[in-house]
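Report on the following structure.
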Amino acid sequence: MKKGLPKYKYEKISTEAISNALRLHFDSILLFKNKSYPSAFHLSVLALEEIAKSNWIDHYVDVCETNDGFPEKEEQLKYLKLLYVHTSKQFAFINQEFHELSPKFYDYVASKKLEYKKQKSIYVGLERTDGKVDIISRISTPDQIKESDTKKIISLNNSVLISLCKRNIDNEHYYGPLRKYFIMNQNILFFLESEWKHKSGVRGKQWNYSRRKKSNA
């Protein structure tokens, strides 16, 4: 059995993914400010996926190194294929943020409605039911994406990116590639906090409290 992907490549993908997430995030803010809400929404969901990918890889590497090392090539390939599945990355994101996410938003993403809306934000077409085109459905157009939809996802990404920066700064490199630590620095934190002032309404410490309270009931 040939060896799988070397650690440095995992770290390279993680680092480039978070860099790309930042680019997509700031581009989505520019589009939002210019009232191009469908395109801003589309980019913001892609940014969400890249944030998830980067953190997911860091976790995978950490778990492998903590336990029995990296698995054989075929097992690694099974994991790597998931990084190309949009809904898998979205699900990874909500699992990473589970304790601070509104249960309603968690269910919304887990039911693939976010992916549906992402596709709707960029394409014109008819609705599909069970994989079949519904010829009597209303024609879907990107302009059906609302300003509030876009503001929510951008705000969520901004909040998560701020948390990643603060975690790195407070802990002087939490875990993951060292280069990623230098990217998520005080300068990026300043831009994140100054360029976007809105709140998502779906992420906060209160959700962790409500879940703990429910589990102890």
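In the structure tokens, the first chain shown is A, the next is B, and so on; residue numbers restart at 1 for each chain, and ligands run from 1 in the order shown.
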Polymer residues at most 12 Å from region 89-105 of chain A, only C-alpha atoms, same-chain spacing of 5 or more positions, as a short mmCIF file (atom, residue, chain, number, x, y, z; two decimals) with N, CA and C atoms, in the first residue's frame:
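Written file, result-v1.cif:
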data_model
loop_
_atom_site.label_atom_id
_atom_site.label_comp_id
_atom_site.auth_asym_id
_atom_site.auth_seq_id
_atom_site.Cartn_x
_atom_site.Cartn_y
_atom_site.Cartn_z
N SER A 44 -20.46 34.12 0.10
CA SER A 44 -20.40 33.95 1.55
C SER A 44 -20.57 32.49 1.95
N VAL A 45 -21.38 31.74 1.22
CA VAL A 45 -21.52 30.31 1.51
C VAL A 45 -20.24 29.57 1.12
N LEU A 46 -19.63 29.98 0.01
CA LEU A 46 -18.34 29.38 -0.36
C LEU A 46 -17.28 29.67 0.70
N ALA A 47 -17.30 30.87 1.25
CA ALA A 47 -16.36 31.21 2.32
C ALA A 47 -16.60 30.34 3.54
N LEU A 48 -17.87 30.12 3.86
CA LEU A 48 -18.22 29.24 4.98
C LEU A 48 -17.64 27.84 4.77
N GLU A 49 -17.75 27.34 3.55
CA GLU A 49 -17.23 26.00 3.24
C GLU A 49 -15.71 25.95 3.37
N GLU A 50 -15.03 27.01 2.96
CA GLU A 50 -13.57 27.04 3.05
C GLU A 50 -13.11 27.16 4.51
N ILE A 51 -13.84 27.90 5.32
CA ILE A 51 -13.54 27.96 6.75
C ILE A 51 -13.64 26.56 7.35
N ALA A 52 -14.73 25.88 7.01
CA ALA A 52 -14.95 24.54 7.53
C ALA A 52 -13.86 23.58 7.06
N LYS A 53 -13.50 23.67 5.78
CA LYS A 53 -12.47 22.79 5.22
C LYS A 53 -11.15 22.94 5.98
N SER A 54 -10.74 24.18 6.18
CA SER A 54 -9.48 24.44 6.87
C SER A 54 -9.48 23.87 8.29
N ASN A 55 -10.55 24.14 9.04
CA ASN A 55 -10.62 23.66 10.41
C ASN A 55 -10.79 22.14 10.48
N TRP A 56 -11.50 21.59 9.51
CA TRP A 56 -11.71 20.15 9.44
C TRP A 56 -10.38 19.43 9.20
N ILE A 57 -9.56 19.96 8.33
CA ILE A 57 -8.24 19.37 8.07
C ILE A 57 -7.37 19.44 9.31
N ASP A 58 -7.37 20.59 9.99
CA ASP A 58 -6.57 20.72 11.22
C ASP A 58 -6.98 19.67 12.24
N HIS A 59 -8.29 19.48 12.38
CA HIS A 59 -8.80 18.48 13.33
C HIS A 59 -8.39 17.07 12.92
N TYR A 60 -8.50 16.78 11.62
CA TYR A 60 -8.14 15.46 11.10
C TYR A 60 -6.67 15.15 11.37
N TYR A 79 -11.52 10.19 3.11
CA TYR A 79 -11.67 11.47 3.81
C TYR A 79 -11.51 12.63 2.85
N LEU A 80 -10.49 12.60 2.01
CA LEU A 80 -10.22 13.70 1.10
C LEU A 80 -11.37 13.95 0.13
N LYS A 81 -12.09 12.89 -0.26
CA LYS A 81 -13.22 13.06 -1.17
C LYS A 81 -14.32 13.91 -0.54
N LEU A 82 -14.43 13.83 0.77
CA LEU A 82 -15.46 14.62 1.47
C LEU A 82 -15.21 16.12 1.33
N LEU A 83 -13.95 16.50 1.14
CA LEU A 83 -13.61 17.91 1.01
C LEU A 83 -14.10 18.51 -0.31
N TYR A 84 -14.59 17.66 -1.20
CA TYR A 84 -15.13 18.12 -2.48
C TYR A 84 -16.66 18.12 -2.49
N ALA A 110 -28.28 21.37 8.03
CA ALA A 110 -28.22 19.91 7.99
C ALA A 110 -29.23 19.33 7.00
N SER A 111 -30.34 20.01 6.78
CA SER A 111 -31.36 19.54 5.84
C SER A 111 -31.06 19.94 4.39
N LYS A 112 -29.87 20.51 4.16
CA LYS A 112 -29.37 20.88 2.84
C LYS A 112 -30.10 22.09 2.23
N LYS A 113 -30.82 22.84 3.05
CA LYS A 113 -31.52 24.02 2.55
C LYS A 113 -30.55 25.15 2.22
N LEU A 114 -29.43 25.19 2.94
CA LEU A 114 -28.43 26.22 2.62
C LEU A 114 -27.83 25.97 1.24
N GLU A 115 -27.53 24.72 0.93
CA GLU A 115 -26.99 24.38 -0.39
C GLU A 115 -28.00 24.69 -1.48
N TYR A 116 -29.27 24.41 -1.20
CA TYR A 116 -30.33 24.72 -2.17
C TYR A 116 -30.37 26.22 -2.46
N LYS A 118 -27.94 28.33 -2.00
CA LYS A 118 -26.69 28.72 -2.67
C LYS A 118 -26.83 28.53 -4.18
N ASP A 149 -31.04 37.40 4.02
CA ASP A 149 -30.39 36.09 3.87
C ASP A 149 -28.87 36.25 3.80
N LYS A 152 -27.11 37.54 7.05
CA LYS A 152 -27.00 36.51 8.08
C LYS A 152 -25.74 35.66 7.88
N ILE A 153 -25.48 35.20 6.64
CA ILE A 153 -24.33 34.33 6.39
C ILE A 153 -23.02 35.11 6.49
N LEU A 156 -22.34 35.60 10.13
CA LEU A 156 -21.91 34.35 10.75
C LEU A 156 -20.44 34.09 10.46
N ASN A 157 -20.04 34.22 9.19
CA ASN A 157 -18.64 34.02 8.82
C ASN A 157 -17.73 35.00 9.56
N SER A 159 -18.18 36.50 12.39
CA SER A 159 -18.10 36.13 13.80
C SER A 159 -17.14 34.97 14.03
N VAL A 160 -17.23 33.95 13.17
CA VAL A 160 -16.37 32.77 13.31
C VAL A 160 -14.91 33.14 13.03
N LEU A 161 -14.67 33.94 12.01
CA LEU A 161 -13.30 34.35 11.68
C LEU A 161 -12.69 35.19 12.80
N SER A 163 -13.44 34.92 15.95
CA SER A 163 -13.14 33.96 17.03
C SER A 163 -11.85 33.21 16.76
N LEU A 164 -11.64 32.82 15.49
CA LEU A 164 -10.40 32.12 15.14
C LEU A 164 -9.18 33.01 15.37
N SER A 200 -25.31 38.03 13.22
CA SER A 200 -26.07 37.02 12.46
C SER A 200 -27.39 36.65 13.13
N GLY A 201 -27.43 36.69 14.45
CA GLY A 201 -28.63 36.26 15.16
C GLY A 201 -28.74 34.75 15.29
N VAL A 202 -27.75 34.02 14.77
CA VAL A 202 -27.81 32.55 14.85
C VAL A 202 -26.59 31.95 15.57
N ARG A 203 -25.67 32.81 16.01
CA ARG A 203 -24.48 32.32 16.71
C ARG A 203 -24.27 33.15 17.97
N GLY A 204 -24.06 32.44 19.09
CA GLY A 204 -23.83 33.15 20.34
C GLY A 204 -23.72 32.19 21.51
N LYS A 205 -23.19 32.68 22.61
CA LYS A 205 -22.99 31.85 23.80
C LYS A 205 -24.31 31.35 24.38
N GLN A 206 -25.42 32.06 24.10
CA GLN A 206 -26.69 31.66 24.68
C GLN A 206 -27.14 30.29 24.21
N TRP A 207 -26.70 29.91 22.98
CA TRP A 207 -27.11 28.59 22.48
C TRP A 207 -26.42 27.49 23.26
N ASN A 208 -25.17 27.71 23.65
CA ASN A 208 -24.46 26.74 24.47
C ASN A 208 -25.15 26.58 25.81
N TYR A 209 -25.56 27.71 26.39
CA TYR A 209 -26.24 27.69 27.68
C TYR A 209 -27.56 26.96 27.59
N SER A 210 -28.34 27.23 26.54
CA SER A 210 -29.65 26.60 26.40
C SER A 210 -29.52 25.10 26.18
N ARG A 211 -28.47 24.67 25.46
CA ARG A 211 -28.26 23.24 25.23
C ARG A 211 -27.85 22.55 26.53
N ARG A 212 -26.99 23.19 27.31
CA ARG A 212 -26.57 22.61 28.59
C ARG A 212 -27.76 22.50 29.54
#
- Query: Hey, what's within 9 Å of Gly4 (chain A) if we count only C-alpha atoms and toss same-chain stuff fewer than 5 positions away? As a list in words, please?
  - Reply: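 That gives Phe70, Pro71, Glu72, Lys73, Glu74, Glu75, Gln76 and Leu77 of chain A.
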Can you write just those residues out, N, CA and C atoms, as an mmCIF file, in the first residue's frame?
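The resulting file, again-v2.cif, is shown below:
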data_model
loop_
_atom_site.group_PDB
_atom_site.id
_atom_site.type_symbol
_atom_site.label_atom_id
_atom_site.label_comp_id
_atom_site.auth_asym_id
_atom_site.auth_seq_id
_atom_site.Cartn_x
_atom_site.Cartn_y
_atom_site.Cartn_z
ATOM 1 N N PHE A 70 -1.379 8.631 10.634
ATOM 2 C CA PHE A 70 -2.234 8.710 9.463
ATOM 3 C C PHE A 70 -2.573 7.310 8.946
ATOM 4 N N PRO A 71 -3.842 7.115 8.534
ATOM 5 C CA PRO A 71 -4.224 5.800 7.993
ATOM 6 C C PRO A 71 -3.600 5.557 6.625
ATOM 7 N N GLU A 72 -3.846 4.367 6.088
ATOM 8 C CA GLU A 72 -3.337 4.027 4.764
ATOM 9 C C GLU A 72 -4.001 4.896 3.688
ATOM 10 N N LYS A 73 -3.405 4.876 2.515
ATOM 11 C CA LYS A 73 -3.809 5.751 1.417
ATOM 12 C C LYS A 73 -5.304 5.688 1.119
ATOM 13 N N GLU A 74 -5.857 4.476 1.032
ATOM 14 C CA GLU A 74 -7.265 4.337 0.657
ATOM 15 C C GLU A 74 -8.185 4.993 1.672
ATOM 16 N N GLU A 75 -7.843 4.885 2.951
ATOM 17 C CA GLU A 75 -8.657 5.522 3.990
ATOM 18 C C GLU A 75 -8.536 7.041 3.926
ATOM 19 N N GLN A 76 -7.340 7.524 3.628
ATOM 20 C CA GLN A 76 -7.166 8.966 3.480
ATOM 21 C C GLN A 76 -7.968 9.496 2.290
ATOM 22 N N LEU A 77 -7.999 8.729 1.212
ATOM 23 C CA LEU A 77 -8.741 9.154 0.029
ATOM 24 C C LEU A 77 -10.236 9.281 0.317
#
- Message: From the options A:Arg23, A:Lys120, A:Lys199, A:Lys132, which residue's atoms come nearest to Ser155 (chain A), counting only C-alpha atoms?
- Response: A:Lys199
- Query: Taking the backbone alone, and naming residues the way the document does, which bits of region 64-191 of chain A are alpha helix (DSSP H) by DSSP, as JSON, numbers by chain?
  - Reply: {"A": [64, 65, 66, 73, 74, 75, 76, 77, 78, 79, 80, 81, 82, 86, 87, 88, 89, 90, 91, 92, 93, 94, 95, 96, 103, 104, 105, 106, 107, 108, 109, 110, 113, 114, 115, 116, 117, 118, 119, 120, 147, 148, 149, 150, 151, 152, 153, 154, 155, 156, 157, 158, 159, 160, 161, 162, 163, 164, 165, 166, 167, 168, 169, 170, 171, 178, 179, 180, 181, 182, 183, 186, 187, 188, 189, 190, 191]}
Can you pull out every residue within 9 Å of Ser36 (chain A), counting only C-alpha atoms, but drop anything in the same chain fewer than 6 positions away, and send it as a PDB file with C-alpha atoms, in the first residue's frame?
ATOM      1  CA  SER A  28     -18.881  39.120  -0.347  1.00  0.00           C
ATOM      2  CA  LEU A  30     -17.991  44.407  -1.155  1.00  0.00           C
ATOM      3  CA  ASP A 143     -32.927  38.028  -7.309  1.00  0.00           C
ATOM      4  CA  GLU A 147     -30.719  41.133   1.724  1.00  0.00           C
TER       5      GLU A 147
END
- Item | CA of Leu189 (chain A) to CA of Glu172 (chain A), straight-line distance in Å | 14.4 Å
- Message: as a VMD selection string, please: every residue in chain A that DSSP puts in strand (DSSP E or B).
- Response: chain A and resid 101 125 128 to 129 132 to 133 140 203
Dump of C-alpha atoms for the selected residues, as a tab-separated table (two decimals), in the first residue's frame:
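Saved result, out-v2.tsv, follows:
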chain	number	residue	atom	x	y	z
A	101	LEU	CA	-25.38	27.86	16.83
A	125	GLY	CA	-34.31	27.48	-13.50
A	128	ARG	CA	-36.75	20.12	-8.64
A	129	THR	CA	-38.53	17.53	-6.52
A	132	LYS	CA	-36.97	15.59	-11.12
A	133	VAL	CA	-37.74	18.94	-12.76
A	140	SER	CA	-36.36	30.45	-9.70
A	203	ARG	CA	-24.48	32.32	16.71
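A straight line drawn from CA of Thr141 (chain A) to CA of Ser39 (chain A) is 11.9 Å long.
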- Task: Could you check which of A:Ser19, A:Asn67, A:Ser148, A:Asn34 is closest to Asn185 (chain A), using only C-alpha atoms?
- Result: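 When distances to Asn185 (chain A) are compared using only C-alpha atoms, the smallest one comes from A:Ser19.
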- Task: Tell me, as a count of residues only, which residues lie within 12 Å of Leu31 (chain A), counting only C-alpha atoms; anything in the same chain fewer than 4 positions away does not count.
- Result: 18
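Distance check against Phe182 (chain A) using only C-alpha atoms: of A:Thr15, A:Lys7, A:Val124, A:Thr66, the minimum falls on A:Thr15.
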- Query: Hey, what's within 10 Å of Arg179 (chain A) if we count only C-alpha atoms and toss same-chain stuff fewer than 6 positions away? As a list in words, please?
  - Reply: Glu11, Lys12, Ser14, Thr15, Glu16 and His173 of chain A
